[in-house]
Amino acid sequence: MAVAEQDTAVRTGRGTRIFIYGILLLFALFYMMPLFVMVANSLKPLPEITGGNMMALPETWTVEPWLKAWSTAQIGVEPTGLRPYFINSILMVVPAVAISTILGALNGYVLTKWSFRGDKIIFGLLLFSCFIPFQIVLIPMANLLGKMGLAGSIPGLVLVHVVYGIGFSTLYFRNYYAVFPTELVRAAMIDGAGFFRIFWRIMLPVSGPIAVVCVIWQFTNIWNDFLFGASFGGQSQPMTVALNNLVQSSTGVKEYNVHFAGAILAALPTLLVYIVAGRYFVRGLMAGSVKG
Amino acid sequence: MGFLDIRNVTKSYGLVEVLHQVDIEVEEGEFLVLVGPSGCGKSTLLNMIAGLESITSGDIAINGRVVNGVHPSKRNIAMVFQSYALYPNMTVGQNMTFGLEMHGVPKAEREAALADVARLLQIENLLDRKPGQLSGGQRQRVAMGRALVRNPDVFLFDEPLSNLDAKLRVDMRTEIKKLHEKLKTTIVYVTHDQIEAMTLSTRIAVMYQGYVQQLGTPKEIYDTPANVYVATFMGSPAMNVVPARVGQHNGVPHAVVTTQDGRAQALRFSQPNMAAWEGREILLGLRPEAITDPEGADRNSANIVGLSNRIGVTEPAGADTFVTMELGGRDVIARMRADANVAAGQEFSFAVNMEKAVAFDPETERRIAP
Ligand SMILES: Nc1ncnc2c1ncn2[C@@H]1O[C@H](COP(=O)(O)OP(=O)(O)O)[C@@H](O)[C@H]1O
Ligand SMILES: [Mg+2]
């Protein structure tokens with residue numbers, strides 16, 4: 001950070017600095033507000049919300065809403081809490097992210113280092129897939145999943161998300177590998193490494209930064225997806241659908257504190273991925289391979 | 001048949017032919033340099049020898065075996081790339097032994113080979129570092145080390161020194177030459193630097209526009225260039241090429257050139273075959289060191305001819321002083337001793353070593369003498 005400061009072109013005076021930090025603080029508070037409201041209300045007993053001020057801190061602190069959201073709340077008709085759906089989401093998102101990232105890396109590798117006739121067209125078509133709206137594919141996808149015997153199952157959801165994710169993951173890796181020096185691949189060929197060995201030993205070890213970007217992107221998208229989950233989830237609905245069912249349940253009193261806790265639970269994994277993966281987002285892995 | 005045979009090799013990308021009928025035989029232990037300007041097809045030819053580019057037509061044979069369809073790793077070659085192409089995630093030691101590992105060489109043997117080469121190149125202390133922690137010169141050494149460890153039939157170098165700064169480049173050049181003298185392995189070396197070509201090679205192939213213009217020893221290339229292109233590409237400053245007419249005096253052919261003030265001056269040829277060109281226009285090639293002050297003229301030459309002309313510019317360069325003048329309507333550079341007494345604008349009596357003169361046909365630009 002010290003280096004970055006020295007690089008700043010404009011020297012700022014004290015007044016300007018206070019102004020800048022003031023503005024930044026204001027925006028930070030503004031963006032923190034919803035999270036504050038959610039956390040504060042998830043830790044209150046229900047009467048404090050219905051009878052009082054949403055903005056206030058709890059008078060009596062309780063984790064009861066969290067426990068309820070997690071294990072006993074009414075989701076649809078079953079009093080299971082969000083836990084089974086959370087597990088569904090994990091079972092769906094981990095393989096889907098892993099498979100789409102690995103396939104994207106392979107695609108990027110082939111498209112940049114093993115060019116073949118028509119590779120540009122293939123890449124164009126893959127890119128095109130990034131722009132197809134979800135709604136268009138719902139019916140044909142349902143049809144296909146049915147025929148494959150994957151309807152309403154987690155493997156079915158994984159398949160859908162992998163297919164949808166490949167376009168983006170390919171785009172990421174292709175652009176990353178396009179500037180990866182081809183001479184390295186050639187050197188490895190002369191050294192006797194084959195297609196997969198070059199990928200595994202030469203390309204993947206330096207793909208950290210783009211893999212992190214890809215994982216963050218895929219994880220967020222797949223975890224947060226509602227439409228596919230609602231359409232193809234069947235008995236294996238993901239967290240997003242369950243959260244909807246929790247919040248939208250039409251019977252009984254609306255337990256806002258439980259809803260808040262549930263919503264935070266649903267958002268936690270993506271937050272975690274940002275914090276953990278972001279730490280590995282280091283640059284400079286390529287340093288020294290080619291002339292400095 | 002040589003050790004490395006390039007027979008009638010052609011390369012096309014789509015409809016564009018970028019290499020035309022290249023024919024080179026390299027003997028075992030030779031140091032062949034492919035030299036030419038950027039885009040002339042040097043790297044393409046080298047990559048075809050390596051197996052990284054397909055051969056459109058013709059054959060390449062290494063050690064008696066045609067390798068046209070053979071995978072790069074099975075040609076028993078090793079290549080040093082311009083960018084060094086070191087694997088960034090591996091240590092220097094791993095970089096150097098990766099090829100052996102891929103070829104299934106047992107670990108003990110790999111370690112032994114690595115130790116030998118590391119000692120030879122004096123990089124023992126670098127083996128545990130990553131390429132990112134090395135200087136340019138060190139990376140260059142490691143890249144060479146990676147090739148040496150393989151103990152190949154042929155080394156291929158693609159402009160290995162062009163990323164180094166001037167001083168280091170000269171040092172590494174000497175080192176490569178020493179290495180070749182020690183190992184006696186066949187080398188094909190690509191460069192656009194004619195000095196590298198002259199100093200390193202046992203033979204040079206000068207390439208231009210996808211053709212091998214001339215193939216020969218450095219001396220042949222320098223003294224008897226096949227055409228005007230080779231003559232002006234090799235040597236620095238470049239060979240002077242001036243229009244002249246062939247005249248005759250006492251039965252001896254002369255080159256008649258026009259000085260700056262329009263006088264005709266006759267320079268006697270030593271090459272007898274020039275008589276056939278009497279009365280015709282030619283291009284006369286004179287290297288800068290063949291035009292000197294009289295004191296600096298080559299004493300072993302049997303044919304030093306006087307030439308008086310007006311000096312244009314003088315450029316003291318330390319070891320020599322370069323003098324520019326106008327001859328036959330062209331700028332001509334002469335190379336004086338450092339302390340030759342010359343001044344701009346002065347009329348000066350030059351000594352021309354006509355034994356070293358080269359004559360070209362002005363139409364085909366091919367050499368006609370000597
Ligand atoms: N993959 C390619 N497709 C089309 N043309 C190419 C390709 N590679 C090289 N060329 C052309 O072939 C010629 C020779 O290139 P190259 O061998 O790299 O030249 P050099 O190494 O002598 O600078 C150049 O004109 C270049 O534009
Ligand atoms: Mg080149």
# chains A, B, ... in the order shown; residues from 1 in each chain; ligands from 1
>>> interface_residues(of="chain B", to="chain A", cutoff="10 Å", atoms="only C-alpha atoms", output="PyMOL selection string")
chain B and resi 47+50-52+71-90+95-104+130-136+139-140+146-147+150+163-164
>>> write_last_selection(atoms="C-alpha atoms", output="PDB file, in the first residue's frame")
ATOM      1  CA  ASN B  47      10.937 -24.682 -36.212  1.00  0.00           C
ATOM      2  CA  ALA B  50      12.547 -28.894 -34.511  1.00  0.00           C
ATOM      3  CA  GLY B  51       9.252 -30.350 -35.688  1.00  0.00           C
ATOM      4  CA  LEU B  52       7.202 -27.450 -34.370  1.00  0.00           C
ATOM      5  CA  HIS B  71       7.375 -35.667 -33.030  1.00  0.00           C
ATOM      6  CA  PRO B  72       9.695 -32.904 -31.744  1.00  0.00           C
ATOM      7  CA  SER B  73      10.578 -34.887 -28.649  1.00  0.00           C
ATOM      8  CA  LYS B  74      11.698 -37.869 -30.724  1.00  0.00           C
ATOM      9  CA  ARG B  75      14.120 -36.010 -33.010  1.00  0.00           C
ATOM     10  CA  ASN B  76      16.873 -35.867 -30.425  1.00  0.00           C
ATOM     11  CA  ILE B  77      17.163 -32.113 -30.720  1.00  0.00           C
ATOM     12  CA  ALA B  78      17.150 -29.413 -28.081  1.00  0.00           C
ATOM     13  CA  MET B  79      16.115 -25.836 -28.590  1.00  0.00           C
ATOM     14  CA  VAL B  80      16.915 -22.545 -26.914  1.00  0.00           C
ATOM     15  CA  PHE B  81      14.186 -19.992 -27.435  1.00  0.00           C
ATOM     16  CA  GLN B  82      14.491 -16.252 -27.822  1.00  0.00           C
ATOM     17  CA  SER B  83      12.295 -15.689 -24.766  1.00  0.00           C
ATOM     18  CA  TYR B  84      14.131 -18.508 -22.912  1.00  0.00           C
ATOM     19  CA  ALA B  85      10.736 -20.133 -22.266  1.00  0.00           C
ATOM     20  CA  LEU B  86      11.595 -21.281 -18.751  1.00  0.00           C
ATOM     21  CA  TYR B  87       8.763 -22.908 -16.841  1.00  0.00           C
ATOM     22  CA  PRO B  88       7.891 -20.273 -14.234  1.00  0.00           C
ATOM     23  CA  ASN B  89       6.520 -22.687 -11.651  1.00  0.00           C
ATOM     24  CA  MET B  90       9.593 -24.922 -11.568  1.00  0.00           C
ATOM     25  CA  ASN B  95      13.436 -26.797 -15.533  1.00  0.00           C
ATOM     26  CA  MET B  96      16.641 -28.406 -16.673  1.00  0.00           C
ATOM     27  CA  THR B  97      15.654 -31.980 -15.914  1.00  0.00           C
ATOM     28  CA  PHE B  98      12.032 -31.785 -17.068  1.00  0.00           C
ATOM     29  CA  GLY B  99      12.935 -33.141 -20.503  1.00  0.00           C
ATOM     30  CA  LEU B 100      14.882 -36.060 -19.039  1.00  0.00           C
ATOM     31  CA  GLU B 101      11.992 -36.803 -16.702  1.00  0.00           C
ATOM     32  CA  MET B 102       9.564 -36.833 -19.629  1.00  0.00           C
ATOM     33  CA  HIS B 103      11.882 -39.203 -21.463  1.00  0.00           C
ATOM     34  CA  GLY B 104      11.817 -41.605 -18.543  1.00  0.00           C
ATOM     35  CA  LYS B 130      12.701 -19.959  -9.648  1.00  0.00           C
ATOM     36  CA  PRO B 131      13.194 -18.274 -13.037  1.00  0.00           C
ATOM     37  CA  GLY B 132      11.578 -15.131 -11.645  1.00  0.00           C
ATOM     38  CA  GLN B 133      14.483 -14.714  -9.265  1.00  0.00           C
ATOM     39  CA  LEU B 134      17.134 -14.715 -12.006  1.00  0.00           C
ATOM     40  CA  SER B 135      18.714 -11.930 -14.028  1.00  0.00           C
ATOM     41  CA  GLY B 136      18.494 -11.931 -17.816  1.00  0.00           C
ATOM     42  CA  ARG B 139      18.011 -17.071 -17.414  1.00  0.00           C
ATOM     43  CA  GLN B 140      19.912 -17.296 -20.656  1.00  0.00           C
ATOM     44  CA  ARG B 146      18.157 -27.106 -20.246  1.00  0.00           C
ATOM     45  CA  ALA B 147      19.224 -27.828 -23.818  1.00  0.00           C
ATOM     46  CA  ARG B 150      19.512 -33.504 -23.055  1.00  0.00           C
ATOM     47  CA  ASN B 163      17.128 -10.040 -25.229  1.00  0.00           C
ATOM     48  CA  LEU B 164      20.413  -9.316 -23.507  1.00  0.00           C
TER      49      LEU B 164
END
>>> select_by_dssp(residues="segment 134-214 of chain A", states="alpha helix (DSSP H)", output="PyMOL selection string")
chain A and resi 134-148+154-178+182-191+195-198+208-214
>>> residues_around(residues="segment 144-146 of chain A", least_positions_apart="6", cutoff="9 Å", atoms="only C-alpha atoms", output="PyMOL selection string")
chain A and resi 152+156+159-160+232
>>> residues_near_ligand(ligand="ligand 2", cutoff="9 Å", atoms="only C-alpha atoms and all ligand atoms", output="list of chain:residue names")
B:Ser38, B:Gly39, B:Cys40, B:Gly41, B:Lys42, B:Ser43, B:Thr44, B:Leu46, B:Gln82, B:Asp158, B:Glu159, B:Val190, B:Thr191, B:His192
>>> write_last_selection(atoms="C-alpha atoms", output="compact mmCIF listing (two decimals), in the first residue's frame")
# COMPACT_ATOMS: atom_id res chain seq x y z
CA SER B 38 13.25 -10.01 -39.60
CA GLY B 39 10.55 -11.93 -41.46
CA CYS B 40 12.86 -13.72 -43.89
CA GLY B 41 11.87 -17.16 -42.60
CA LYS B 42 14.73 -18.09 -40.27
CA SER B 43 12.56 -19.09 -37.34
CA THR B 44 10.20 -20.95 -39.63
CA LEU B 46 14.38 -23.70 -37.45
CA GLN B 82 14.49 -16.25 -27.82
CA ASP B 158 16.52 -19.00 -32.04
CA GLU B 159 18.02 -15.56 -31.45
CA VAL B 190 19.29 -18.16 -35.91
CA THR B 191 20.13 -14.48 -35.63
CA HIS B 192 19.51 -11.21 -37.40
>>> atom_distance(atom1="atom CA of Phe173 of chain A", atom2="atom CA of Phe219 of chain A")
16.1 Å
>>> residues_around(residues="segment 101-106 of chain A", least_positions_apart="3", cutoff="6 Å", atoms="only C-alpha atoms", output="PyMOL selection string")
chain A and resi 97-98+109+166+169-170+173
>>> write_last_selection(atoms="N, CA, C and O atoms", output="PDB file, in the first residue's frame")
ATOM      1  N   VAL A  97     -19.123 -26.104  -9.935  1.00  0.00           N
ATOM      2  CA  VAL A  97     -18.034 -25.135 -10.079  1.00  0.00           C
ATOM      3  C   VAL A  97     -16.761 -25.847 -10.515  1.00  0.00           C
ATOM      4  O   VAL A  97     -16.079 -25.412 -11.447  1.00  0.00           O
ATOM      5  N   ALA A  98     -16.468 -26.970  -9.880  1.00  0.00           N
ATOM      6  CA  ALA A  98     -15.233 -27.676 -10.207  1.00  0.00           C
ATOM      7  C   ALA A  98     -15.235 -28.120 -11.663  1.00  0.00           C
ATOM      8  O   ALA A  98     -14.283 -27.868 -12.406  1.00  0.00           O
ATOM      9  N   TYR A 109      -7.199 -23.826 -23.036  1.00  0.00           N
ATOM     10  CA  TYR A 109      -5.909 -24.397 -23.419  1.00  0.00           C
ATOM     11  C   TYR A 109      -5.939 -24.866 -24.870  1.00  0.00           C
ATOM     12  O   TYR A 109      -5.068 -24.525 -25.676  1.00  0.00           O
ATOM     13  N   ILE A 166     -19.909 -23.228 -18.767  1.00  0.00           N
ATOM     14  CA  ILE A 166     -18.747 -23.442 -19.628  1.00  0.00           C
ATOM     15  C   ILE A 166     -18.436 -22.226 -20.499  1.00  0.00           C
ATOM     16  O   ILE A 166     -17.281 -21.891 -20.713  1.00  0.00           O
ATOM     17  N   SER A 169     -16.534 -19.743 -18.285  1.00  0.00           N
ATOM     18  CA  SER A 169     -15.227 -20.225 -17.820  1.00  0.00           C
ATOM     19  C   SER A 169     -14.272 -20.355 -19.007  1.00  0.00           C
ATOM     20  O   SER A 169     -13.089 -20.055 -18.888  1.00  0.00           O
ATOM     21  N   THR A 170     -14.777 -20.760 -20.168  1.00  0.00           N
ATOM     22  CA  THR A 170     -13.929 -20.823 -21.354  1.00  0.00           C
ATOM     23  C   THR A 170     -13.423 -19.437 -21.723  1.00  0.00           C
ATOM     24  O   THR A 170     -12.242 -19.252 -22.029  1.00  0.00           O
ATOM     25  N   PHE A 173     -10.577 -18.420 -19.315  1.00  0.00           N
ATOM     26  CA  PHE A 173      -9.309 -19.123 -19.497  1.00  0.00           C
ATOM     27  C   PHE A 173      -8.724 -18.870 -20.881  1.00  0.00           C
ATOM     28  O   PHE A 173      -7.514 -18.777 -21.030  1.00  0.00           O
TER      29      PHE A 173
END
>>> residues_around(residues="Thr258 of chain B", least_positions_apart="6", cutoff="7 Å", atoms="only C-alpha atoms", output="list in words")
Ala264, Gln265, Leu327 and Gly328 of chain B
>>> write_last_selection(atoms="N, CA, C and O atoms", output="PDB file, in the first residue's frame")
ATOM      1  N   ALA B 264      36.360  11.746 -63.960  1.00  0.00           N
ATOM      2  CA  ALA B 264      36.387  10.289 -64.075  1.00  0.00           C
ATOM      3  C   ALA B 264      37.719   9.791 -63.546  1.00  0.00           C
ATOM      4  O   ALA B 264      38.764  10.370 -63.837  1.00  0.00           O
ATOM      5  N   GLN B 265      37.679   8.743 -62.714  1.00  0.00           N
ATOM      6  CA  GLN B 265      38.920   8.159 -62.200  1.00  0.00           C
ATOM      7  C   GLN B 265      38.919   6.673 -62.493  1.00  0.00           C
ATOM      8  O   GLN B 265      37.903   6.003 -62.330  1.00  0.00           O
ATOM      9  N   LEU B 327      30.778   9.221 -54.450  1.00  0.00           N
ATOM     10  CA  LEU B 327      31.445   8.520 -55.551  1.00  0.00           C
ATOM     11  C   LEU B 327      30.359   7.879 -56.417  1.00  0.00           C
ATOM     12  O   LEU B 327      29.498   7.168 -55.899  1.00  0.00           O
ATOM     13  N   GLY B 328      30.430   8.174 -57.713  1.00  0.00           N
ATOM     14  CA  GLY B 328      29.418   7.628 -58.615  1.00  0.00           C
ATOM     15  C   GLY B 328      28.007   8.021 -58.198  1.00  0.00           C
ATOM     16  O   GLY B 328      27.048   7.281 -58.397  1.00  0.00           O
TER      17      GLY B 328
END
>>> select_by_dssp(residues="segment 187-288 of chain B", states="strand (DSSP E or B)", output="PyMOL selection string")
chain B and resi 187-191+203-208+211-216+227+240-249+252-258+264-268+281-286
>>> residues_around(residues="Ser270 of chain B", least_positions_apart="6", cutoff="9 Å", atoms="only C-alpha atoms", output="PyMOL selection string")
chain B and resi 252-254+302-303+354-357+370
>>> residues_around(residues="Phe348 of chain B", least_positions_apart="6", cutoff="6 Å", atoms="only C-alpha atoms", output="list in words")
Ser308, Asn309 and Arg310 of chain B
>>> closest_residue(among="B:Met207, B:Val142, B:Asn63, B:Leu161", to="ligand 1", atoms="only C-alpha atoms and all ligand atoms")
B:Met207
>>> atom_distance(atom1="atom CA of Ala28 of chain A", atom2="atom CA of Arg11 of chain A")
23.8 Å
